[in-house]
>>> print(open('my_file.cif').read())   # mmCIF, C-alpha atoms and all ligand atoms; chains and numbers go by the auth columns
data_work
loop_
_atom_site.group_PDB
_atom_site.id
_atom_site.type_symbol
_atom_site.label_atom_id
_atom_site.label_comp_id
_atom_site.label_asym_id
_atom_site.label_seq_id
_atom_site.Cartn_x
_atom_site.Cartn_y
_atom_site.Cartn_z
_atom_site.B_iso_or_equiv
_atom_site.auth_seq_id
_atom_site.auth_asym_id
ATOM 1 C CA MET A 1 -5.650 19.143 72.115 0.00 1 A
ATOM 2 C CA ALA A 2 -8.060 18.832 75.015 0.00 2 A
ATOM 3 C CA ARG A 3 -11.641 19.728 74.159 0.00 3 A
ATOM 4 C CA ARG A 4 -12.793 22.938 75.747 0.00 4 A
ATOM 5 C CA LYS A 5 -15.543 22.798 78.277 0.00 5 A
ATOM 6 C CA LEU A 6 -18.831 23.942 76.801 0.00 6 A
ATOM 7 C CA ILE A 7 -20.627 26.311 79.159 0.00 7 A
ATOM 8 C CA TYR A 8 -23.715 27.217 77.127 0.00 8 A
ATOM 9 C CA GLU A 9 -25.009 26.828 73.582 0.00 9 A
ATOM 10 C CA GLY A 10 -27.529 29.366 72.323 0.00 10 A
ATOM 11 C CA LYS A 11 -29.179 29.880 68.949 0.00 11 A
ATOM 12 C CA ALA A 12 -26.360 31.915 67.406 0.00 12 A
ATOM 13 C CA LYS A 13 -23.432 31.555 69.804 0.00 13 A
ATOM 14 C CA ILE A 14 -21.589 29.066 71.974 0.00 14 A
ATOM 15 C CA LEU A 15 -19.779 29.884 75.201 0.00 15 A
ATOM 16 C CA TYR A 16 -16.732 27.865 76.228 0.00 16 A
ATOM 17 C CA GLU A 17 -14.661 28.010 79.370 0.00 17 A
ATOM 18 C CA GLY A 18 -11.938 30.653 78.961 0.00 18 A
ATOM 19 C CA PRO A 19 -8.194 30.402 79.589 0.00 19 A
ATOM 20 C CA GLU A 20 -8.332 32.354 82.886 0.00 20 A
ATOM 21 C CA PRO A 21 -10.898 32.216 85.689 0.00 21 A
ATOM 22 C CA GLY A 22 -13.614 34.776 85.041 0.00 22 A
ATOM 23 C CA THR A 23 -13.219 34.587 81.253 0.00 23 A
ATOM 24 C CA LEU A 24 -15.165 32.785 78.518 0.00 24 A
ATOM 25 C CA VAL A 25 -14.667 32.220 74.811 0.00 25 A
ATOM 26 C CA GLN A 26 -17.673 33.344 72.748 0.00 26 A
ATOM 27 C CA TYR A 27 -18.010 31.493 69.420 0.00 27 A
ATOM 28 C CA PHE A 28 -20.244 32.991 66.703 0.00 28 A
ATOM 29 C CA LYS A 29 -22.168 30.360 64.716 0.00 29 A
ATOM 30 C CA ASP A 30 -23.523 30.738 61.180 0.00 30 A
ATOM 31 C CA ASP A 31 -26.976 29.641 62.352 0.00 31 A
ATOM 32 C CA ALA A 32 -29.818 32.090 61.849 0.00 32 A
ATOM 33 C CA THR A 33 -33.124 31.674 63.647 0.00 33 A
ATOM 34 C CA ALA A 34 -36.281 33.750 63.728 0.00 34 A
ATOM 35 C CA PHE A 35 -39.713 33.626 65.322 0.00 35 A
ATOM 36 C CA ASN A 36 -38.311 31.886 68.399 0.00 36 A
ATOM 37 C CA ALA A 37 -36.441 29.336 66.262 0.00 37 A
ATOM 38 C CA GLU A 38 -39.486 28.326 64.170 0.00 38 A
ATOM 39 C CA LYS A 39 -37.495 29.459 61.119 0.00 39 A
ATOM 40 C CA LYS A 40 -33.890 28.271 60.834 0.00 40 A
ATOM 41 C CA ALA A 41 -31.046 28.365 58.317 0.00 41 A
ATOM 42 C CA VAL A 42 -27.278 28.325 58.117 0.00 42 A
ATOM 43 C CA ILE A 43 -25.961 31.532 56.553 0.00 43 A
ATOM 44 C CA GLU A 44 -22.360 30.989 55.571 0.00 44 A
ATOM 45 C CA GLY A 45 -20.118 33.741 56.903 0.00 45 A
ATOM 46 C CA LYS A 46 -22.659 35.300 59.298 0.00 46 A
ATOM 47 C CA GLY A 47 -20.676 34.267 62.391 0.00 47 A
ATOM 48 C CA VAL A 48 -17.488 35.826 61.048 0.00 48 A
ATOM 49 C CA LEU A 49 -19.275 39.105 60.251 0.00 49 A
ATOM 50 C CA ASN A 50 -21.020 39.300 63.625 0.00 50 A
ATOM 51 C CA ASN A 51 -17.796 38.545 65.496 0.00 51 A
ATOM 52 C CA ARG A 52 -16.050 41.455 63.755 0.00 52 A
ATOM 53 C CA LEU A 53 -18.999 43.839 63.982 0.00 53 A
ATOM 54 C CA SER A 54 -19.619 43.123 67.662 0.00 54 A
ATOM 55 C CA GLU A 55 -15.910 43.677 68.352 0.00 55 A
ATOM 56 C CA PHE A 56 -16.085 46.991 66.484 0.00 56 A
ATOM 57 C CA PHE A 57 -19.159 48.276 68.342 0.00 57 A
ATOM 58 C CA MET A 58 -18.035 47.093 71.793 0.00 58 A
ATOM 59 C CA THR A 59 -14.529 48.531 71.339 0.00 59 A
ATOM 60 C CA GLY A 60 -15.996 51.903 70.382 0.00 60 A
ATOM 61 C CA LEU A 61 -18.407 51.802 73.320 0.00 61 A
ATOM 62 C CA MET A 62 -15.554 51.073 75.739 0.00 62 A
ATOM 63 C CA GLN A 63 -13.716 54.092 74.322 0.00 63 A
ATOM 64 C CA ILE A 64 -16.615 56.311 75.428 0.00 64 A
ATOM 65 C CA GLY A 65 -16.671 54.679 78.858 0.00 65 A
ATOM 66 C CA VAL A 66 -19.381 52.018 78.542 0.00 66 A
ATOM 67 C CA PRO A 67 -18.131 48.861 80.303 0.00 67 A
ATOM 68 C CA THR A 68 -18.480 45.771 78.108 0.00 68 A
ATOM 69 C CA HIS A 69 -17.584 42.106 78.435 0.00 69 A
ATOM 70 C CA PHE A 70 -15.320 42.236 75.351 0.00 70 A
ATOM 71 C CA ILE A 71 -11.622 41.549 76.021 0.00 71 A
ATOM 72 C CA LYS A 72 -10.170 40.673 72.621 0.00 72 A
ATOM 73 C CA ARG A 73 -10.953 38.896 69.388 0.00 73 A
ATOM 74 C CA LEU A 74 -9.185 35.554 69.217 0.00 74 A
ATOM 75 C CA ASN A 75 -9.824 34.545 65.607 0.00 75 A
ATOM 76 C CA MET A 76 -12.454 34.848 62.880 0.00 76 A
ATOM 77 C CA ARG A 77 -15.226 33.285 64.930 0.00 77 A
ATOM 78 C CA GLU A 78 -14.200 33.676 68.550 0.00 78 A
ATOM 79 C CA GLN A 79 -13.682 36.396 71.079 0.00 79 A
ATOM 80 C CA LEU A 80 -12.445 36.344 74.649 0.00 80 A
ATOM 81 C CA ILE A 81 -14.991 37.869 77.002 0.00 81 A
ATOM 82 C CA ARG A 82 -15.392 38.515 80.677 0.00 82 A
ATOM 83 C CA GLN A 83 -17.780 36.149 82.434 0.00 83 A
ATOM 84 C CA VAL A 84 -20.802 37.985 83.799 0.00 84 A
ATOM 85 C CA GLU A 85 -24.068 36.998 85.411 0.00 85 A
ATOM 86 C CA ILE A 86 -26.617 37.847 82.759 0.00 86 A
ATOM 87 C CA ILE A 87 -29.659 39.771 84.002 0.00 87 A
ATOM 88 C CA PRO A 88 -32.606 37.816 82.545 0.00 88 A
ATOM 89 C CA LEU A 89 -33.917 40.784 80.560 0.00 89 A
ATOM 90 C CA GLU A 90 -33.627 41.855 76.957 0.00 90 A
ATOM 91 C CA VAL A 91 -33.339 45.620 76.822 0.00 91 A
ATOM 92 C CA ILE A 92 -34.815 46.994 73.606 0.00 92 A
ATOM 93 C CA VAL A 93 -34.337 50.588 72.463 0.00 93 A
ATOM 94 C CA ARG A 94 -36.531 51.930 69.675 0.00 94 A
ATOM 95 C CA ASN A 95 -36.119 55.131 67.672 0.00 95 A
ATOM 96 C CA PHE A 96 -38.639 54.353 64.911 0.00 96 A
ATOM 97 C CA ALA A 97 -41.652 52.033 64.933 0.00 97 A
ATOM 98 C CA ALA A 98 -40.980 48.560 63.524 0.00 98 A
ATOM 99 C CA GLY A 99 -41.497 44.938 64.444 0.00 99 A
ATOM 100 C CA THR A 100 -43.505 44.125 67.528 0.00 100 A
ATOM 101 C CA ILE A 101 -44.173 47.724 68.647 0.00 101 A
ATOM 102 C CA ALA A 102 -45.615 48.559 65.218 0.00 102 A
ATOM 103 C CA LYS A 103 -47.909 45.542 65.454 0.00 103 A
ATOM 104 C CA ARG A 104 -48.809 45.994 69.121 0.00 104 A
ATOM 105 C CA LEU A 105 -49.681 49.697 68.886 0.00 105 A
ATOM 106 C CA GLY A 106 -50.920 49.789 65.272 0.00 106 A
ATOM 107 C CA LEU A 107 -48.102 52.099 64.121 0.00 107 A
ATOM 108 C CA GLU A 108 -46.882 52.264 60.554 0.00 108 A
ATOM 109 C CA GLU A 109 -43.348 50.865 60.223 0.00 109 A
ATOM 110 C CA GLY A 110 -40.840 53.707 60.021 0.00 110 A
ATOM 111 C CA THR A 111 -42.894 56.196 62.063 0.00 111 A
ATOM 112 C CA PRO A 112 -40.442 58.251 64.148 0.00 112 A
ATOM 113 C CA LEU A 113 -41.102 57.795 67.861 0.00 113 A
ATOM 114 C CA PRO A 114 -41.458 60.935 70.023 0.00 114 A
ATOM 115 C CA ARG A 115 -38.305 59.903 71.918 0.00 115 A
ATOM 116 C CA PRO A 116 -36.260 56.724 72.259 0.00 116 A
ATOM 117 C CA ILE A 117 -38.500 54.131 73.904 0.00 117 A
ATOM 118 C CA ILE A 118 -37.009 51.432 76.102 0.00 118 A
ATOM 119 C CA GLU A 119 -38.755 48.107 76.594 0.00 119 A
ATOM 120 C CA PHE A 120 -37.823 45.105 78.711 0.00 120 A
ATOM 121 C CA CYS A 121 -38.552 41.496 77.786 0.00 121 A
ATOM 122 C CA TYR A 122 -38.122 38.576 80.140 0.00 122 A
ATOM 123 C CA LYS A 123 -35.518 36.211 78.653 0.00 123 A
ATOM 124 C CA ASP A 124 -37.333 32.904 78.375 0.00 124 A
ATOM 125 C CA ASP A 125 -37.422 31.040 75.048 0.00 125 A
ATOM 126 C CA ALA A 126 -40.275 28.783 76.139 0.00 126 A
ATOM 127 C CA LEU A 127 -42.435 31.857 76.790 0.00 127 A
ATOM 128 C CA GLY A 128 -41.234 33.706 73.671 0.00 128 A
ATOM 129 C CA ASP A 129 -39.438 36.450 75.673 0.00 129 A
ATOM 130 C CA PRO A 130 -42.580 38.295 76.853 0.00 130 A
ATOM 131 C CA LEU A 131 -42.655 42.066 77.291 0.00 131 A
ATOM 132 C CA VAL A 132 -42.558 42.967 80.999 0.00 132 A
ATOM 133 C CA SER A 133 -42.987 46.188 82.931 0.00 133 A
ATOM 134 C CA GLU A 134 -40.702 47.693 85.579 0.00 134 A
ATOM 135 C CA GLU A 135 -43.353 46.556 88.069 0.00 135 A
ATOM 136 C CA HIS A 136 -42.759 42.903 87.068 0.00 136 A
ATOM 137 C CA ILE A 137 -38.981 43.370 87.212 0.00 137 A
ATOM 138 C CA ALA A 138 -39.153 44.822 90.731 0.00 138 A
ATOM 139 C CA ALA A 139 -41.747 42.349 92.023 0.00 139 A
ATOM 140 C CA PHE A 140 -39.894 39.274 90.755 0.00 140 A
ATOM 141 C CA GLY A 141 -36.516 40.681 91.820 0.00 141 A
ATOM 142 C CA TRP A 142 -34.869 40.434 88.377 0.00 142 A
ATOM 143 C CA ALA A 143 -33.162 43.799 88.929 0.00 143 A
ATOM 144 C CA SER A 144 -33.163 46.452 91.642 0.00 144 A
ATOM 145 C CA GLN A 145 -34.460 49.969 90.999 0.00 145 A
ATOM 146 C CA GLN A 146 -30.849 51.182 90.933 0.00 146 A
ATOM 147 C CA ASP A 147 -29.899 48.497 88.383 0.00 147 A
ATOM 148 C CA LEU A 148 -32.905 49.451 86.277 0.00 148 A
ATOM 149 C CA ASP A 149 -31.950 53.130 86.300 0.00 149 A
ATOM 150 C CA ASP A 150 -28.377 52.194 85.359 0.00 150 A
ATOM 151 C CA MET A 151 -29.599 49.850 82.620 0.00 151 A
ATOM 152 C CA VAL A 152 -31.740 52.609 81.123 0.00 152 A
ATOM 153 C CA SER A 153 -28.837 55.073 81.089 0.00 153 A
ATOM 154 C CA MET A 154 -26.510 52.465 79.579 0.00 154 A
ATOM 155 C CA ALA A 155 -29.089 51.635 76.892 0.00 155 A
ATOM 156 C CA LEU A 156 -29.481 55.322 76.009 0.00 156 A
ATOM 157 C CA ARG A 157 -25.696 55.802 75.784 0.00 157 A
ATOM 158 C CA VAL A 158 -25.443 52.783 73.491 0.00 158 A
ATOM 159 C CA ASN A 159 -28.283 54.236 71.423 0.00 159 A
ATOM 160 C CA ASP A 160 -26.603 57.639 71.038 0.00 160 A
ATOM 161 C CA PHE A 161 -23.271 56.066 70.099 0.00 161 A
ATOM 162 C CA MET A 162 -24.711 53.519 67.679 0.00 162 A
ATOM 163 C CA SER A 163 -27.146 56.009 66.070 0.00 163 A
ATOM 164 C CA GLY A 164 -24.292 58.442 65.344 0.00 164 A
ATOM 165 C CA LEU A 165 -21.994 55.740 64.027 0.00 165 A
ATOM 166 C CA MET A 166 -24.700 54.442 61.682 0.00 166 A
ATOM 167 C CA LEU A 167 -25.867 57.878 60.564 0.00 167 A
ATOM 168 C CA ALA A 168 -22.302 58.653 59.456 0.00 168 A
ATOM 169 C CA VAL A 169 -22.476 55.757 56.986 0.00 169 A
ATOM 170 C CA GLY A 170 -26.016 56.430 55.757 0.00 170 A
ATOM 171 C CA ILE A 171 -27.805 53.905 57.958 0.00 171 A
ATOM 172 C CA ARG A 172 -30.756 54.532 60.286 0.00 172 A
ATOM 173 C CA LEU A 173 -30.668 52.715 63.620 0.00 173 A
ATOM 174 C CA VAL A 174 -34.355 51.843 63.910 0.00 174 A
ATOM 175 C CA ASP A 175 -34.087 49.716 67.069 0.00 175 A
ATOM 176 C CA PHE A 176 -31.828 47.231 68.809 0.00 176 A
ATOM 177 C CA LYS A 177 -31.604 44.819 71.705 0.00 177 A
ATOM 178 C CA ILE A 178 -28.857 44.537 74.304 0.00 178 A
ATOM 179 C CA GLU A 179 -28.206 42.232 77.227 0.00 179 A
ATOM 180 C CA ILE A 180 -26.541 43.389 80.397 0.00 180 A
ATOM 181 C CA GLY A 181 -24.726 41.383 83.053 0.00 181 A
ATOM 182 C CA ARG A 182 -23.355 41.848 86.523 0.00 182 A
ATOM 183 C CA ALA A 183 -19.696 41.399 87.411 0.00 183 A
ATOM 184 C CA TRP A 184 -17.841 41.939 90.655 0.00 184 A
ATOM 185 C CA ASP A 185 -14.579 43.879 90.973 0.00 185 A
ATOM 186 C CA ASN A 186 -13.569 42.923 94.515 0.00 186 A
ATOM 187 C CA ASP A 187 -16.789 43.658 96.407 0.00 187 A
ATOM 188 C CA PHE A 188 -18.037 46.235 93.944 0.00 188 A
ATOM 189 C CA MET A 189 -20.800 45.146 91.551 0.00 189 A
ATOM 190 C CA ARG A 190 -20.760 46.644 88.051 0.00 190 A
ATOM 191 C CA LEU A 191 -23.218 46.423 85.194 0.00 191 A
ATOM 192 C CA ILE A 192 -21.527 45.310 82.005 0.00 192 A
ATOM 193 C CA LEU A 193 -22.787 45.273 78.430 0.00 193 A
ATOM 194 C CA ALA A 194 -22.719 41.612 77.356 0.00 194 A
ATOM 195 C CA ASP A 195 -23.823 39.235 74.563 0.00 195 A
ATOM 196 C CA GLU A 196 -23.338 40.903 71.168 0.00 196 A
ATOM 197 C CA ILE A 197 -24.249 43.950 69.138 0.00 197 A
ATOM 198 C CA SER A 198 -24.657 42.998 65.496 0.00 198 A
ATOM 199 C CA PRO A 199 -27.171 43.172 62.638 0.00 199 A
ATOM 200 C CA ASP A 200 -28.772 40.095 64.271 0.00 200 A
ATOM 201 C CA SER A 201 -29.906 42.272 67.157 0.00 201 A
ATOM 202 C CA CYS A 202 -30.500 45.657 65.450 0.00 202 A
ATOM 203 C CA ARG A 203 -32.778 47.010 62.747 0.00 203 A
ATOM 204 C CA LEU A 204 -30.673 48.933 60.253 0.00 204 A
ATOM 205 C CA TRP A 205 -32.233 50.706 57.266 0.00 205 A
ATOM 206 C CA ASP A 206 -30.453 52.524 54.478 0.00 206 A
ATOM 207 C CA ILE A 207 -31.384 56.189 54.951 0.00 207 A
ATOM 208 C CA GLU A 208 -31.808 56.879 51.232 0.00 208 A
ATOM 209 C CA THR A 209 -33.550 53.762 50.000 0.00 209 A
ATOM 210 C CA GLY A 210 -35.012 52.215 53.169 0.00 210 A
ATOM 211 C CA GLN A 211 -33.302 48.929 52.252 0.00 211 A
ATOM 212 C CA LYS A 212 -33.100 46.599 55.245 0.00 212 A
ATOM 213 C CA LEU A 213 -29.576 45.589 56.257 0.00 213 A
ATOM 214 C CA ASP A 214 -30.382 43.420 59.291 0.00 214 A
ATOM 215 C CA LYS A 215 -31.968 40.133 60.329 0.00 215 A
ATOM 216 C CA ASP A 216 -35.352 41.176 58.903 0.00 216 A
ATOM 217 C CA VAL A 217 -33.804 40.219 55.513 0.00 217 A
ATOM 218 C CA PHE A 218 -33.923 36.631 56.803 0.00 218 A
ATOM 219 C CA ARG A 219 -37.129 36.930 58.825 0.00 219 A
ATOM 220 C CA ARG A 220 -39.027 38.337 55.823 0.00 220 A
ATOM 221 C CA ASP A 221 -37.181 36.601 52.959 0.00 221 A
ATOM 222 C CA LEU A 222 -35.919 39.864 51.492 0.00 222 A
ATOM 223 C CA GLY A 223 -32.669 38.594 49.975 0.00 223 A
ATOM 224 C CA ASP A 224 -29.241 37.411 50.999 0.00 224 A
ATOM 225 C CA LEU A 225 -28.532 37.990 54.688 0.00 225 A
ATOM 226 C CA ALA A 226 -24.736 37.708 54.408 0.00 226 A
ATOM 227 C CA ASP A 227 -24.767 40.340 51.624 0.00 227 A
ATOM 228 C CA ALA A 228 -26.724 42.720 53.868 0.00 228 A
ATOM 229 C CA TYR A 229 -24.326 42.256 56.820 0.00 229 A
ATOM 230 C CA THR A 230 -21.321 42.576 54.493 0.00 230 A
ATOM 231 C CA GLU A 231 -22.700 45.915 53.303 0.00 231 A
ATOM 232 C CA VAL A 232 -22.919 47.172 56.916 0.00 232 A
ATOM 233 C CA ALA A 233 -19.358 45.970 57.578 0.00 233 A
ATOM 234 C CA ARG A 234 -18.090 47.503 54.328 0.00 234 A
ATOM 235 C CA ARG A 235 -19.603 50.922 55.076 0.00 235 A
ATOM 236 C CA LEU A 236 -18.120 50.879 58.580 0.00 236 A
ATOM 237 C CA GLY A 237 -14.721 49.790 57.243 0.00 237 A
ATOM 238 C CA VAL A 238 -14.935 46.536 59.190 0.00 238 A
ATOM 239 C CA LEU A 239 -14.506 43.787 56.647 0.00 239 A
ATOM 240 C CA PRO A 240 -13.359 40.435 58.020 0.00 240 A
ATOM 241 C CA THR A 241 -9.713 39.573 57.577 0.00 241 A
ATOM 242 C CA ASN A 242 -8.189 36.126 57.731 0.00 242 A
ATOM 243 C CA ALA A 243 -6.804 36.801 61.202 0.00 243 A
HETATM 244 O O1 LIG B . -39.171 41.962 67.346 0.00 301 B
HETATM 245 P P1 LIG B . -39.019 43.315 67.976 0.00 301 B
HETATM 246 O O2 LIG B . -39.584 44.429 67.151 0.00 301 B
HETATM 247 O O3 LIG B . -39.529 43.362 69.388 0.00 301 B
HETATM 248 O O4 LIG B . -37.430 43.546 68.065 0.00 301 B
HETATM 249 C C1 LIG B . -36.862 44.783 68.464 0.00 301 B
HETATM 250 C C2 LIG B . -35.355 44.724 68.232 0.00 301 B
HETATM 251 O O5 LIG B . -34.753 43.794 69.134 0.00 301 B
HETATM 252 C C3 LIG B . -34.964 44.247 66.827 0.00 301 B
HETATM 253 O O6 LIG B . -33.805 44.946 66.417 0.00 301 B
HETATM 254 C C4 LIG B . -34.658 42.772 67.017 0.00 301 B
HETATM 255 O O7 LIG B . -33.698 42.315 66.089 0.00 301 B
HETATM 256 C C5 LIG B . -34.095 42.757 68.433 0.00 301 B
HETATM 257 N N1 LIG B . -34.382 41.497 69.123 0.00 301 B
HETATM 258 C C6 LIG B . -33.364 40.587 69.348 0.00 301 B
HETATM 259 N N2 LIG B . -33.621 39.405 70.003 0.00 301 B
HETATM 260 C C7 LIG B . -34.846 39.117 70.451 0.00 301 B
HETATM 261 C C8 LIG B . -35.907 40.025 70.233 0.00 301 B
HETATM 262 C C9 LIG B . -35.640 41.213 69.565 0.00 301 B
HETATM 263 O O8 LIG B . -32.213 40.842 68.982 0.00 301 B
HETATM 264 N N3 LIG B . -35.059 37.969 71.088 0.00 301 B
#
>>> encode(input="my_file.cif", output="structure tokens")
Amino acid sequence: MARRKLIYEGKAKILYEGPEPGTLVQYFKDDATAFNAEKKAVIEGKGVLNNRLSEFFMTGLMQIGVPTHFIKRLNMREQLIRQVEIIPLEVIVRNFAAGTIAKRLGLEEGTPLPRPIIEFCYKDDALGDPLVSEEHIAAFGWASQQDLDDMVSMALRVNDFMSGLMLAVGIRLVDFKIEIGRAWDNDFMRLILADEISPDSCRLWDIETGQKLDKDVFRRDLGDLADAYTEVARRLGVLPTNA
């Protein structure tokens, strides 16, 4: 079989050329990295769990009308996605203080925020994805004002959907990160939710016990990461099959 053309290899995923023009195959690796790849490990089964969980979240989001790049899952580690032009921003939504906002503003972890707070970081590994303001985004032309407004409303819709889904299974959605891309339908440009939504890119705490069920388990050496992700998948009824 001919080898597929590799388009891009990131820390946790690989993108290959897809079967049709305008499509890609997204492969989920078992690699875990933290602190801008200063800490690394291979967590057996993580890729399989994230593939299934991202499929689950993106499928649900499409059902409420949020456009996503997800087309279909191909196998345990791969999904077919629509090719988009990624906007070079990480869009972070926070409901409770944790991680960098807790540190930056001197807030105790777990403090409820007055309302969901959206932050933008410029996607650049060499710079450590620095926080940027809307002023930077406009001045450097990373996104138009209209795109920014649309990105904020998409992020808030994702937050409402994901918060409700998690609450129903006893999990608090503390914060998460999404990436958004542009795609053209004829001459019409659309913003599309891209990348992945998984416990790699969210903070998920058990509502009763506060137990962390996300990548902080790896970042902070709190236990077995695959067990934590399996627990999220189990509660949501999304356990991997041998498909
Ligand atoms: O580290 P920080 O508190 O800024 O992260 C906020 C949220 O965004 C967390 O859920 C984290 O997992 C996610 N994130 C991510 N990728 C990054 C930075 C943050 O998925 N490069």
>>> residues_near_ligand(input="my_file.cif", ligand="ligand LIG 301 (chain B)", cutoff="7 Å", atoms="only C-alpha atoms and all ligand atoms", output="list of chain:residue names")
A:Ile92, A:Ala98, A:Gly99, A:Thr100, A:Ile101, A:Asp129, A:Asp175, A:Phe176, A:Lys177, A:Asp200, A:Ser201, A:Cys202, A:Arg203, A:Lys215
>>> write_last_selection(input="my_file.cif", atoms="C-alpha atoms", output="short mmCIF file (atom, residue, chain, number, x, y, z; two decimals), keeping the file's coordinate frame")
data_model
loop_
_atom_site.label_atom_id
_atom_site.label_comp_id
_atom_site.auth_asym_id
_atom_site.auth_seq_id
_atom_site.Cartn_x
_atom_site.Cartn_y
_atom_site.Cartn_z
CA ILE A 92 -34.82 46.99 73.61
CA ALA A 98 -40.98 48.56 63.52
CA GLY A 99 -41.50 44.94 64.44
CA THR A 100 -43.50 44.12 67.53
CA ILE A 101 -44.17 47.72 68.65
CA ASP A 129 -39.44 36.45 75.67
CA ASP A 175 -34.09 49.72 67.07
CA PHE A 176 -31.83 47.23 68.81
CA LYS A 177 -31.60 44.82 71.70
CA ASP A 200 -28.77 40.10 64.27
CA SER A 201 -29.91 42.27 67.16
CA CYS A 202 -30.50 45.66 65.45
CA ARG A 203 -32.78 47.01 62.75
CA LYS A 215 -31.97 40.13 60.33
#
>>> axis_aligned_box(input="my_file.cif", around="segment 143-149 of chain A", padding_each_side="5 Å", output="lines of an AutoDock Vina configuration file")
center_x = -32.2
center_y = 48.5
center_z = 89.0
size_x = 14.6
size_y = 19.3
size_z = 15.4
>>> atom_distance(input="my_file.cif", atom1="atom CA of Lys13 of chain A", atom2="atom CA of Leu80 of chain A")
12.9 Å
>>> resolve_selection(input="my_file.cif", expression="the PyMOL selection byres (((chain A and resi 27) around 9) and not hetatm)", output="ChimeraX atom specification")
/A:12-16,25-26,28-29,47,51,77-79
>>> atom_distance(input="my_file.cif", atom1="atom CA of Lys72 of chain A", atom2="atom CA of Asp187 of chain A")
24.9 Å
>>> atom_distance(input="my_file.cif", atom1="atom CA of Met58 of chain A", atom2="atom CA of Leu239 of chain A")
15.9 Å
>>> residues_around(input="my_file.cif", residues="segment 221-235 of chain A", least_positions_apart="6", cutoff="8 Å", atoms="all atoms listed in the file", output="PDB file with C-alpha atoms, in the frame of the given file")
ATOM      1  CA  ILE A  43     -25.961  31.532  56.553  1.00  0.00           C
ATOM      2  CA  GLU A  44     -22.360  30.989  55.571  1.00  0.00           C
ATOM      3  CA  GLY A  45     -20.118  33.741  56.903  1.00  0.00           C
ATOM      4  CA  LYS A  46     -22.659  35.300  59.298  1.00  0.00           C
ATOM      5  CA  LEU A  49     -19.275  39.105  60.251  1.00  0.00           C
ATOM      6  CA  LEU A  53     -18.999  43.839  63.982  1.00  0.00           C
ATOM      7  CA  VAL A 169     -22.476  55.757  56.986  1.00  0.00           C
ATOM      8  CA  PRO A 199     -27.171  43.172  62.638  1.00  0.00           C
ATOM      9  CA  LYS A 212     -33.100  46.599  55.245  1.00  0.00           C
ATOM     10  CA  LEU A 213     -29.576  45.589  56.257  1.00  0.00           C
ATOM     11  CA  ASP A 214     -30.382  43.420  59.291  1.00  0.00           C
ATOM     12  CA  LYS A 215     -31.968  40.133  60.329  1.00  0.00           C
TER      13      LYS A 215
END
>>> closest_residue(input="my_file.cif", among="A:Pro116, A:Ile7, A:Ile171, A:Gly237", to="Ile207 of chain A", atoms="all atoms listed in the file")
A:Ile171
>>> build_atoms(input="my_file.cif", residues="segment 225-237 of chain A", atoms="N, CA and C atoms", output="short mmCIF file (atom, residue, chain, number, x, y, z; two decimals), in the coordinates of the input")
data_model
loop_
_atom_site.label_atom_id
_atom_site.label_comp_id
_atom_site.auth_asym_id
_atom_site.auth_seq_id
_atom_site.Cartn_x
_atom_site.Cartn_y
_atom_site.Cartn_z
N LEU A 225 -28.87 37.39 53.39
CA LEU A 225 -28.53 37.99 54.69
C LEU A 225 -27.05 38.34 54.78
N ALA A 226 -26.18 37.44 54.31
CA ALA A 226 -24.74 37.71 54.41
C ALA A 226 -24.37 38.95 53.58
N ASP A 227 -25.03 39.14 52.44
CA ASP A 227 -24.77 40.34 51.62
C ASP A 227 -25.14 41.60 52.40
N ALA A 228 -26.27 41.55 53.10
CA ALA A 228 -26.72 42.72 53.87
C ALA A 228 -25.72 43.04 54.98
N TYR A 229 -25.27 42.03 55.72
CA TYR A 229 -24.33 42.26 56.82
C TYR A 229 -22.97 42.72 56.28
N THR A 230 -22.58 42.17 55.11
CA THR A 230 -21.32 42.58 54.49
C THR A 230 -21.38 44.06 54.12
N GLU A 231 -22.54 44.50 53.66
CA GLU A 231 -22.70 45.92 53.30
C GLU A 231 -22.53 46.81 54.54
N VAL A 232 -23.09 46.40 55.67
CA VAL A 232 -22.92 47.17 56.92
C VAL A 232 -21.43 47.22 57.27
N ALA A 233 -20.78 46.06 57.22
CA ALA A 233 -19.36 45.97 57.58
C ALA A 233 -18.51 46.81 56.61
N ARG A 234 -18.86 46.75 55.33
CA ARG A 234 -18.09 47.50 54.33
C ARG A 234 -18.19 49.01 54.59
N ARG A 235 -19.43 49.48 54.85
CA ARG A 235 -19.60 50.92 55.08
C ARG A 235 -18.85 51.38 56.32
N LEU A 236 -18.80 50.51 57.33
CA LEU A 236 -18.12 50.88 58.58
C LEU A 236 -16.60 50.65 58.50
N GLY A 237 -16.16 50.08 57.39
CA GLY A 237 -14.72 49.79 57.24
C GLY A 237 -14.28 48.61 58.09
#
